[in-house]
Each structure stands twice: as structure tokens, then as C-alpha cells.
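Here's model-v8.csv, which has CSV, C-alpha atoms and all ligand atoms:
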chain,number,residue,atom,x,y,z
A,1186,MET,CA,101.0,75.5,57.8
A,1187,LYS,CA,103.4,77.0,55.3
A,1188,LEU,CA,107.1,77.3,56.0
A,1189,PRO,CA,109.0,80.6,55.4
A,1190,LEU,CA,112.2,79.8,53.6
A,1191,SER,CA,115.4,81.9,53.2
A,1192,SER,CA,116.2,83.4,49.8
A,1193,ARG,CA,119.3,81.2,49.8
A,1194,LEU,CA,117.4,77.9,50.1
A,1195,LEU,CA,114.6,79.1,47.8
A,1196,ALA,CA,117.3,79.7,45.2
A,1197,CYS,CA,118.5,76.0,45.7
A,1198,CYS,CA,114.8,74.9,45.1
A,1199,GLN,CA,114.8,76.8,41.8
A,1200,PHE,CA,117.1,74.1,40.3
A,1201,VAL,CA,114.9,71.2,41.4
A,1202,HIS,CA,112.7,69.8,38.6
A,1203,PRO,CA,109.0,69.0,39.2
A,1204,GLY,CA,108.7,65.4,40.3
A,1205,ASP,CA,112.4,65.0,41.3
A,1206,ARG,CA,113.4,62.6,44.1
A,1207,VAL,CA,115.8,64.8,46.1
A,1208,ALA,CA,118.5,64.0,48.6
A,1209,ASP,CA,119.3,66.9,51.0
A,1210,ILE,CA,122.7,66.1,52.4
A,1211,GLY,CA,123.4,68.1,55.6
A,1212,CYS,CA,119.6,68.7,55.9
A,1213,ASP,CA,119.8,70.1,59.4
A,1214,HIS,CA,116.3,71.4,60.2
A,1215,GLY,CA,114.9,69.9,57.1
A,1216,TYR,CA,113.3,73.1,55.9
A,1217,LEU,CA,114.4,72.7,52.2
A,1218,GLY,CA,112.8,69.3,51.9
A,1219,ILE,CA,109.6,70.4,53.7
A,1220,HIS,CA,109.2,73.3,51.3
A,1221,LEU,CA,109.9,71.1,48.3
A,1222,LEU,CA,107.2,68.7,49.4
A,1223,GLN,CA,104.7,71.3,50.5
A,1224,THR,CA,104.9,73.1,47.2
A,1225,GLY,CA,104.6,69.7,45.3
A,1226,ILE,CA,107.9,70.3,43.5
A,1227,ALA,CA,109.7,67.2,44.8
A,1228,SER,CA,108.0,63.8,44.8
A,1229,SER,CA,110.1,62.5,47.7
A,1230,MET,CA,113.0,63.5,50.0
A,1231,ILE,CA,116.0,61.7,51.4
A,1232,GLU,CA,117.0,63.7,54.5
A,1233,ALA,CA,120.6,63.0,55.6
A,1234,ASP,CA,122.8,64.6,58.2
A,1235,ILE,CA,126.0,63.5,59.9
A,1236,ASN,CA,124.7,64.5,63.3
A,1237,ARG,CA,121.8,63.0,65.2
A,1238,GLY,CA,120.5,66.3,66.7
A,1239,PRO,CA,119.8,68.0,63.3
A,1240,LEU,CA,118.3,64.8,61.9
A,1241,GLU,CA,115.9,64.5,64.8
A,1242,ALA,CA,115.0,68.2,64.4
A,1243,ALA,CA,114.2,67.5,60.7
A,1244,LEU,CA,112.0,64.5,61.7
A,1245,ARG,CA,110.1,66.7,64.2
A,1246,ASN,CA,109.7,69.5,61.7
A,1247,ALA,CA,108.5,67.1,59.0
A,1248,ALA,CA,105.8,65.7,61.3
A,1249,LYS,CA,104.8,69.3,62.3
A,1250,PHE,CA,104.4,70.4,58.7
A,1251,GLY,CA,102.7,67.2,57.6
A,1252,VAL,CA,105.2,65.9,55.1
A,1253,LYS,CA,106.9,63.0,57.0
A,1254,ASP,CA,105.4,60.3,54.9
A,1255,LYS,CA,107.3,61.4,51.8
A,1256,MET,CA,110.6,61.6,53.6
A,1257,THR,CA,113.2,59.1,54.7
A,1258,PHE,CA,115.8,60.0,57.4
A,1259,HIS,CA,119.4,58.8,57.3
A,1260,LEU,CA,122.3,59.4,59.8
A,1261,SER,CA,125.0,59.5,57.2
A,1262,ASP,CA,128.4,61.1,56.5
A,1263,GLY,CA,127.7,62.6,53.1
A,1264,LEU,CA,126.3,60.0,50.7
A,1265,THR,CA,127.8,57.0,52.4
A,1266,ARG,CA,124.6,55.6,54.0
A,1267,ILE,CA,121.8,56.8,51.8
A,1268,PRO,CA,119.9,55.1,49.0
A,1269,ARG,CA,121.1,56.0,45.5
A,1270,ASP,CA,117.6,56.2,43.9
A,1271,PHE,CA,117.4,60.0,43.7
A,1272,ASP,CA,117.5,62.5,40.8
A,1273,CYS,CA,119.2,65.5,42.5
A,1274,MET,CA,121.3,66.1,45.5
A,1275,VAL,CA,121.4,69.3,47.4
A,1276,CYS,CA,124.5,70.3,49.5
A,1277,ALA,CA,123.9,73.7,51.0
A,1278,GLY,CA,125.4,75.8,53.7
A,1279,MET,CA,128.7,73.9,53.8
A,1280,GLY,CA,132.3,74.8,53.1
A,1281,ALA,CA,134.2,73.7,50.0
A,1282,ASP,CA,136.2,71.1,51.7
A,1283,THR,CA,133.2,69.3,53.1
A,1284,ILE,CA,131.4,69.4,49.7
A,1285,MET,CA,134.5,68.1,47.9
A,1286,SER,CA,134.9,65.3,50.5
A,1287,ILE,CA,131.2,64.3,50.2
A,1288,ILE,CA,131.4,64.1,46.4
A,1289,HIS,CA,134.8,62.4,46.4
A,1290,HIS,CA,133.7,59.6,48.7
A,1291,ALA,CA,130.8,58.8,46.4
A,1292,SER,CA,132.5,59.4,43.1
A,1293,ASP,CA,132.5,55.8,41.9
A,1294,TRP,CA,128.7,56.0,41.4
A,1295,LEU,CA,128.0,59.8,41.6
A,1296,LYS,CA,130.0,60.4,38.4
A,1297,ASP,CA,126.9,59.7,36.3
A,1298,SER,CA,125.1,62.1,34.1
A,1299,LYS,CA,121.7,61.0,35.6
A,1300,TYR,CA,122.4,62.9,38.8
A,1301,ARG,CA,122.2,66.7,39.2
A,1302,LEU,CA,124.1,68.3,42.1
A,1303,ILE,CA,122.8,71.5,43.6
A,1304,LEU,CA,125.6,73.1,45.5
A,1305,GLN,CA,125.6,76.2,47.7
A,1306,CYS,CA,129.1,76.6,49.1
A,1307,GLN,CA,130.0,78.9,52.0
A,1308,SER,CA,133.8,79.2,51.4
A,1309,LYS,CA,136.6,78.8,48.8
A,1310,ARG,CA,134.2,78.8,45.8
A,1311,PRO,CA,136.9,79.2,43.1
A,1312,GLU,CA,138.7,76.1,44.5
A,1313,LEU,CA,135.5,74.1,44.5
A,1314,ARG,CA,134.6,75.1,40.9
A,1315,GLN,CA,138.2,74.2,39.7
A,1316,TRP,CA,138.0,70.9,41.5
A,1317,LEU,CA,134.6,70.1,40.0
A,1318,TYR,CA,135.9,70.6,36.5
A,1319,ASP,CA,139.1,68.7,37.2
A,1320,GLU,CA,136.9,65.8,38.3
A,1321,GLY,CA,134.8,65.9,35.1
A,1322,PHE,CA,131.8,67.9,36.4
A,1323,ARG,CA,130.4,70.9,34.7
A,1324,ILE,CA,128.4,73.8,36.0
A,1325,ASN,CA,125.1,73.8,34.1
A,1326,ARG,CA,123.5,76.8,35.7
A,1327,GLU,CA,124.5,79.3,38.4
A,1328,THR,CA,122.5,82.0,40.2
A,1329,LEU,CA,122.6,84.3,43.2
A,1330,ALA,CA,120.6,85.0,46.3
A,1331,LYS,CA,120.9,87.4,49.2
A,1332,ASP,CA,120.1,87.0,52.9
A,1333,GLY,CA,121.0,89.8,55.2
A,1334,LYS,CA,124.3,91.2,54.0
A,1335,PHE,CA,125.6,88.0,52.3
A,1336,VAL,CA,125.3,87.2,48.6
A,1337,TYR,CA,125.3,83.5,47.9
A,1338,SER,CA,126.0,81.6,44.7
A,1339,ILE,CA,124.0,78.5,43.9
A,1340,MET,CA,125.2,76.0,41.2
A,1341,GLU,CA,123.6,73.2,39.4
A,1342,VAL,CA,126.3,70.7,38.5
A,1343,VAL,CA,126.3,67.7,36.2
A,1344,TYR,CA,128.9,65.0,35.3
A,1345,ASP,CA,130.0,65.9,31.8
A,1346,PRO,CA,133.8,65.5,31.4
A,1347,GLY,CA,136.0,67.4,29.0
A,1348,HIS,CA,135.0,71.0,29.5
A,1349,PRO,CA,137.6,73.6,30.5
A,1350,ILE,CA,137.3,76.4,33.0
A,1351,THR,CA,139.8,79.3,33.1
A,1352,PRO,CA,141.1,80.7,36.4
A,1353,ALA,CA,139.0,83.8,36.1
A,1354,GLN,CA,135.9,81.8,35.3
A,1355,THR,CA,136.3,79.9,38.7
A,1356,TYR,CA,135.5,83.3,40.2
A,1357,ILE,CA,132.8,84.5,37.9
A,1358,THR,CA,131.5,81.7,35.7
A,1359,PRO,CA,130.0,82.0,32.2
A,1360,GLN,CA,126.8,80.5,33.7
A,1361,LEU,CA,126.6,83.4,36.2
A,1362,LEU,CA,127.1,85.9,33.4
A,1363,GLU,CA,124.4,84.1,31.4
A,1364,ASP,CA,122.1,84.2,34.4
A,1365,ASN,CA,122.6,88.0,34.7
A,1366,HIS,CA,121.0,88.2,38.1
A,1367,PRO,CA,120.3,91.7,39.5
A,1368,LEU,CA,122.8,90.8,42.3
A,1369,LEU,CA,125.6,90.1,39.8
A,1370,PRO,CA,127.2,93.6,40.0
A,1371,GLU,CA,127.3,93.4,43.8
A,1372,TYR,CA,128.6,89.8,43.8
A,1373,TYR,CA,131.2,90.8,41.1
A,1374,GLU,CA,132.5,93.8,43.2
A,1375,ARG,CA,132.9,91.5,46.3
A,1376,VAL,CA,134.8,88.9,44.2
A,1377,LYS,CA,137.0,91.5,42.6
A,1378,SER,CA,137.8,93.1,46.0
A,1379,GLY,CA,138.8,89.7,47.3
A,1380,VAL,CA,141.2,89.2,44.4
A,1381,GLU,CA,142.6,92.7,44.8
A,1382,LEU,CA,143.2,92.0,48.5
A,1383,THR,CA,145.0,88.8,47.6
A,1384,ILE,CA,147.2,90.7,45.1
A,1385,PHE,CA,148.0,93.3,47.8
A,1386,GLY,CA,149.1,90.5,50.2
A,1387,LEU,CA,151.2,88.6,47.5
A,1388,LYS,CA,153.0,91.9,46.5
A,1389,ARG,CA,153.9,92.6,50.1
A,1390,ALA,CA,155.1,89.0,50.6
A,1391,GLY,CA,157.0,88.9,47.3
A,1392,ASP,CA,155.1,85.8,46.5
A,1393,ASP,CA,155.7,84.3,43.0
A,1394,ARG,CA,152.0,83.5,42.5
A,1395,LEU,CA,151.4,87.2,41.9
A,1396,PRO,CA,151.2,87.0,38.1
A,1397,VAL,CA,148.5,84.3,38.3
A,1398,TYR,CA,146.2,86.6,40.4
A,1399,GLU,CA,147.1,89.7,38.2
A,1400,ASN,CA,145.9,87.7,35.2
A,1401,ILE,CA,142.7,86.7,37.0
A,1402,LEU,CA,142.1,90.4,37.9
A,1403,HIS,CA,142.7,91.4,34.3
A,1404,ASP,CA,140.3,88.7,33.0
A,1405,LEU,CA,137.7,89.7,35.6
A,1406,THR,CA,137.9,93.3,34.6
A,1407,ALA,CA,137.3,92.3,31.0
A,1408,MET,CA,133.9,90.9,32.1
A,1409,GLU,CA,132.7,94.3,33.3
A,1410,GLU,CA,131.1,95.4,30.1
A,1411,GLN,CA,129.0,92.3,30.1
A,1412,ILE,CA,128.1,92.7,33.8
A,1413,TYR,CA,127.2,96.4,33.7
A,1414,GLY,CA,126.6,96.9,29.9
A,1415,ASN,CA,122.9,96.0,29.7
A,1416,ARG,CA,121.8,97.5,33.0
A,1417,SER,CA,119.8,100.8,33.3
B,1501,LIG,C1,125.2,75.0,58.3
B,1501,LIG,S1,124.2,73.6,58.3
B,1501,LIG,C2,123.3,73.9,56.7
B,1501,LIG,C3,122.0,73.3,56.8
B,1501,LIG,C4,121.1,73.5,55.5
B,1501,LIG,N1,121.6,72.6,54.5
B,1501,LIG,C5,121.1,74.9,55.0
B,1501,LIG,O1,121.7,75.2,54.0
B,1501,LIG,O2,120.5,75.7,55.7
B,1501,LIG,C6,125.2,72.2,57.8
B,1501,LIG,C7,124.7,70.9,58.2
B,1501,LIG,O3,125.4,69.9,57.5
B,1501,LIG,C8,125.7,68.8,58.4
B,1501,LIG,N2,126.9,68.2,57.9
B,1501,LIG,C9,128.2,68.6,58.0
B,1501,LIG,N3,129.0,67.8,57.4
B,1501,LIG,C10,128.3,66.7,56.9
B,1501,LIG,C11,128.6,65.5,56.2
B,1501,LIG,N4,129.8,65.2,55.9
B,1501,LIG,N5,127.5,64.7,55.9
B,1501,LIG,C12,126.3,65.1,56.2
B,1501,LIG,N6,125.9,66.2,56.9
B,1501,LIG,C13,126.9,67.0,57.2
B,1501,LIG,C14,125.8,69.5,59.8
B,1501,LIG,O4,125.5,68.5,60.8
B,1501,LIG,C15,124.7,70.6,59.6
B,1501,LIG,O5,123.4,70.1,60.1
Would you mind writing the file out in C-alpha cells?
Ligand SMILES: C[S@@+](CC[C@H](N)C(=O)[O-])C[C@H]1O[C@@H](n2cnc3c(N)ncnc32)[C@H](O)[C@@H]1O
Amino acid sequence: MKLPLSSRLLACCQFVHPGDRVADIGCDHGYLGIHLLQTGIASSMIEADINRGPLEAALRNAAKFGVKDKMTFHLSDGLTRIPRDFDCMVCAGMGADTIMSIIHHASDWLKDSKYRLILQCQSKRPELRQWLYDEGFRINRETLAKDGKFVYSIMEVVYDPGHPITPAQTYITPQLLEDNHPLLPEYYERVKSGVELTIFGLKRAGDDRLPVYENILHDLTAMEEQIYGNRS
């Protein structure tokens, strides 16, 4: 029995290398891991969730789809109670604060170039990207996926200190421009509208952070030729 997977989770799977040992942190139903094992992409899965209910659902689903033998199940807040012998970690469907907290609490060993982090963040993406660079991580690749009316960004992140990121690039990264996904114009317009709305609010409030956001908007607008230039 094959599992239908959302475009968002399929996009996360795109960054998993053949044979990877994958840790899905916040696995919930376990669908991502089931798909990665059914398709033979991952060699094994660490399934972890902070809540017992989702973890039990993942266990039931793994048995139903016949992949339980290649999975281990861990009741764990982030990476605190899981084995460290994996190649890549997936953190999907979580807010920026949760993702930052999960990485921060494992940073003494996770800051190692042997690990790849696949992150799909639901909120405050610019803050997360800035924090990752401040902590010495670098976005290696970034792509987009759409489910319903939402466009999601999915990043592959590695520990590789010493790389800068500009404020505008925390909104639209060079890696997203490079990826040049068909959804990029739609994603860009949403991001730009968000910044314009922030500027509108800051102007009304007489907030002194206004120039920072005006510069971000200026630099985002300068990306338009690259975003729209090569499209028919
Ligand atoms: C919205 S669901 C996303 C599930 C799946 N990763 C996806 O993208 O479809 C978030 C899951 O993360 C779990 N979670 C939240 N905080 C966590 C933490 N600190 N450590 C592990 N799991 C966590 C929740 O219990 C929930 O099952």
C-alpha cells in the first residue's frame, strides 16, 4: 500500500540522499518516514515526537504500511533523547521558535558538517534564517512547495561558519533565486507584501526601525529582474 504525501513533505524528501539515515523530529503521523522507506530513499528512520499520541500514531502507521522494522521510535523533546547516528534531520511543520530551540539544545554536537538539516518552517522565516547564519549554519539549497493556498519554503542547512547573509536575503535567499522554482514569483509577491505591510505599520507608529525595512524592500525589488527575467 502506497502512501499519498503532501507536496510540502515531498519537497522535504527531495533533499534526502539515497541511503541516508534520517531523523524526523516532530514526526507526528510518521508519513514522511514511511514514504522515505517505501521508496527506498532512506535506509533507516528515527521517528521522534514530544507527544505520546503522535508517536503512537506513527508506530501504528509504520506497521500498517509495512516499514516498522526500519524505524525506531523516541519520545523526545527535539533531539534530547534520540541516537546521534543519523545523516540528516528533518524538522517540518513547526514554527521558527521551536526549530531554533531544538537546534540550540543540541548545538554542542549538531554543529558538525556531517549533519544536514532539512527545515520547513511555518512562521518567522527571516528570523530563523538570520539566527542560523549567526550560529554558523549555512543554507545549502532552498526550494518551494504549494499545498492548498499556502506556499512553503524548504531549506537544506549545513554547519559551515563564516558566511554572511544580508537582511533582504533572509527574506529571499540566493539559494531560492538559484533554485528558480515556478512558485518563486508567487512566493516573492507574498514576501514583498508582508514587508510593505510592516513598513506601513512602522510609518504609522513613527517607529525608528523604518529605514531597515525600507532598505529590505529596496533590495528585494532589485531581485525582480532575476525572478521575472527568464520567465515566458
Ligand atoms: C504540525 S506537526 C508537523 C508534523 C510533520 N512533521 C509535518 O510536517 O507534517 C508538529 C509535530 O511536532 C511535534 N513537536 C512539537 N514540538 C516538538 C519538540 N520540541 N520536539 C519534538 N516534537 C515536537 C508535535 O507534537 C507535532 O506532532
task: For each of A:Lys1187, A:Leu1317, A:Arg1269, A:Ile1303, take the minimum atom-to-atom distance to Ser1286 (chain A), counting only C-alpha atoms, then give the residue where this is smallest.
output: A:Leu1317
field: Shell around region 1236-1246 of chain A at 6 Å using all atoms listed in the file, local window under 6 positions removed, as a PyMOL selection string
entry: chain A and resi 1213-1215
- prompt: Taking into account all atoms listed in the file, which residue in the set A:Glu1381, A:Asp1262, A:Asp1282, A:Asp1404 is nearest to Ile1235 (chain A)?
  reply: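 Among the listed residues, A:Asp1262 lies closest to Ile1235 (chain A).
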With the cut-off set at 10 Å and counting all atoms listed in the file, tabulate each residue of chain A with an atom at most that distance from an atom of ligand LIG 1501 (chain B), showing the nearest atom pair and its distance in Å to one decimal, ordered by chain and increasing number, as CSV.
residue,atom,partner,partner_atom,distance
A:Leu1190,CA,B:LIG1501,O2,9.5
A:Ser1191,CA,B:LIG1501,O2,8.4
A:Arg1193,CA,B:LIG1501,O1,7.7
A:Leu1194,CA,B:LIG1501,O1,6.4
A:Cys1197,CA,B:LIG1501,O1,8.9
A:Asp1209,CA,B:LIG1501,N1,7.1
A:Ile1210,CA,B:LIG1501,C12,5.3
A:Gly1211,CA,B:LIG1501,O3,3.3
A:Cys1212,CA,B:LIG1501,N1,4.6
A:Asp1213,CA,B:LIG1501,O5,3.7
A:His1214,CA,B:LIG1501,C3,6.9
A:Gly1215,CA,B:LIG1501,C4,7.3
A:Tyr1216,CA,B:LIG1501,O2,7.7
A:Leu1217,CA,B:LIG1501,C4,7.5
A:Gly1218,CA,B:LIG1501,N1,9.8
A:Glu1232,CA,B:LIG1501,N6,9.6
A:Ala1233,CA,B:LIG1501,C12,6.1
A:Asp1234,CA,B:LIG1501,N6,3.7
A:Ile1235,CA,B:LIG1501,N6,4.0
A:Asn1236,CA,B:LIG1501,O4,4.8
A:Arg1237,CA,B:LIG1501,O4,8.0
A:Gly1238,CA,B:LIG1501,O4,8.0
A:Pro1239,CA,B:LIG1501,O5,5.3
A:Leu1240,CA,B:LIG1501,O5,7.6
A:Ala1242,CA,B:LIG1501,O5,9.6
A:Ala1243,CA,B:LIG1501,O5,9.6
A:His1259,CA,B:LIG1501,C12,9.4
A:Leu1260,CA,B:LIG1501,C12,7.8
A:Ser1261,CA,B:LIG1501,C12,5.8
A:Asp1262,CA,B:LIG1501,N5,3.8
A:Gly1263,CA,B:LIG1501,N5,3.5
A:Leu1264,CA,B:LIG1501,N5,7.1
A:Thr1265,CA,B:LIG1501,N5,8.5
A:Arg1266,CA,B:LIG1501,N5,9.7
A:Val1275,CA,B:LIG1501,N1,7.8
A:Cys1276,CA,B:LIG1501,N1,6.2
A:Ala1277,CA,B:LIG1501,O1,4.0
A:Gly1278,CA,B:LIG1501,O1,3.8
A:Met1279,CA,B:LIG1501,C6,5.6
A:Gly1280,CA,B:LIG1501,C1,8.8
A:Asp1282,CA,B:LIG1501,N4,9.7
A:Thr1283,CA,B:LIG1501,N4,6.0
A:Ile1284,CA,B:LIG1501,N4,7.7
A:Met1285,CA,B:LIG1501,N4,9.7
A:Ser1286,CA,B:LIG1501,N4,7.4
A:Ile1287,CA,B:LIG1501,N4,5.9
A:Ile1288,CA,B:LIG1501,N4,9.7
A:His1290,CA,B:LIG1501,N4,9.9
A:Leu1304,CA,B:LIG1501,O1,9.6
A:Gln1305,CA,B:LIG1501,O1,7.5
A:Cys1306,CA,B:LIG1501,O1,9.0
A:Gln1307,CA,B:LIG1501,C1,8.8
field: Exercise: residues within 7 Å of coordinate (126.6, 64.1, 31.1), counting only C-alpha atoms, as a ChimeraX atom specification
entry: /A:1297-1298,1343-1345
Residues as selected, C-alpha atoms, written as a PDB file, keeping the file's coordinate frame, can you do that?
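Just written: out27.pdb:
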ATOM      1  CA  ASP A1297     126.900  59.700  36.300  1.00  0.00           C
ATOM      2  CA  SER A1298     125.100  62.100  34.100  1.00  0.00           C
ATOM      3  CA  VAL A1343     126.300  67.700  36.200  1.00  0.00           C
ATOM      4  CA  TYR A1344     128.900  65.000  35.300  1.00  0.00           C
ATOM      5  CA  ASP A1345     130.000  65.900  31.800  1.00  0.00           C
TER       6      ASP A1345
END
- line: Closest of A:Tyr1356, A:Phe1200, A:Tyr1413, A:Trp1316 to Pro1370 (chain A), counting all atoms listed in the file, is A:Tyr1413
- request: Please provide as a ChimeraX atom specification all residues within 12 Å of region 1373-1375 of chain A, with the sequence filter that same-chain residues fewer than 5 positions apart are discarded (counting all atoms listed in the file).
  value: /A:1329,1334-1338,1353-1354,1356-1358,1361-1362,1365-1368,1380-1382,1402,1405-1413
Requested write-out: C-alpha atoms of the selected residues, as an mmCIF file, keeping the file's coordinate frame:
data_model
loop_
_atom_site.group_PDB
_atom_site.id
_atom_site.type_symbol
_atom_site.label_atom_id
_atom_site.label_comp_id
_atom_site.auth_asym_id
_atom_site.auth_seq_id
_atom_site.Cartn_x
_atom_site.Cartn_y
_atom_site.Cartn_z
ATOM 1 C CA LEU A 1329 122.600 84.300 43.200
ATOM 2 C CA LYS A 1334 124.300 91.200 54.000
ATOM 3 C CA PHE A 1335 125.600 88.000 52.300
ATOM 4 C CA VAL A 1336 125.300 87.200 48.600
ATOM 5 C CA TYR A 1337 125.300 83.500 47.900
ATOM 6 C CA SER A 1338 126.000 81.600 44.700
ATOM 7 C CA ALA A 1353 139.000 83.800 36.100
ATOM 8 C CA GLN A 1354 135.900 81.800 35.300
ATOM 9 C CA TYR A 1356 135.500 83.300 40.200
ATOM 10 C CA ILE A 1357 132.800 84.500 37.900
ATOM 11 C CA THR A 1358 131.500 81.700 35.700
ATOM 12 C CA LEU A 1361 126.600 83.400 36.200
ATOM 13 C CA LEU A 1362 127.100 85.900 33.400
ATOM 14 C CA ASN A 1365 122.600 88.000 34.700
ATOM 15 C CA HIS A 1366 121.000 88.200 38.100
ATOM 16 C CA PRO A 1367 120.300 91.700 39.500
ATOM 17 C CA LEU A 1368 122.800 90.800 42.300
ATOM 18 C CA VAL A 1380 141.200 89.200 44.400
ATOM 19 C CA GLU A 1381 142.600 92.700 44.800
ATOM 20 C CA LEU A 1382 143.200 92.000 48.500
ATOM 21 C CA LEU A 1402 142.100 90.400 37.900
ATOM 22 C CA LEU A 1405 137.700 89.700 35.600
ATOM 23 C CA THR A 1406 137.900 93.300 34.600
ATOM 24 C CA ALA A 1407 137.300 92.300 31.000
ATOM 25 C CA MET A 1408 133.900 90.900 32.100
ATOM 26 C CA GLU A 1409 132.700 94.300 33.300
ATOM 27 C CA GLU A 1410 131.100 95.400 30.100
ATOM 28 C CA GLN A 1411 129.000 92.300 30.100
ATOM 29 C CA ILE A 1412 128.100 92.700 33.800
ATOM 30 C CA TYR A 1413 127.200 96.400 33.700
#
Which of A:Gly1347, A:Gly1204, A:Gly1414, A:Pro1352 sits closest to Tyr1398 (chain A) [using all atoms listed in the file]: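 Closest to Tyr1398 (chain A) of all the choices is A:Pro1352.
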With 3 Å on each side, where is the centre of the axis-aligned box around all listed atoms of region 1353-1361 of chain A, and how long are its edges in Å to one decimal, as AutoDock Vina command-line options?
--center_x 132.8 --center_y 82.2 --center_z 36.2 --size_x 18.4 --size_y 10.6 --size_z 14.0
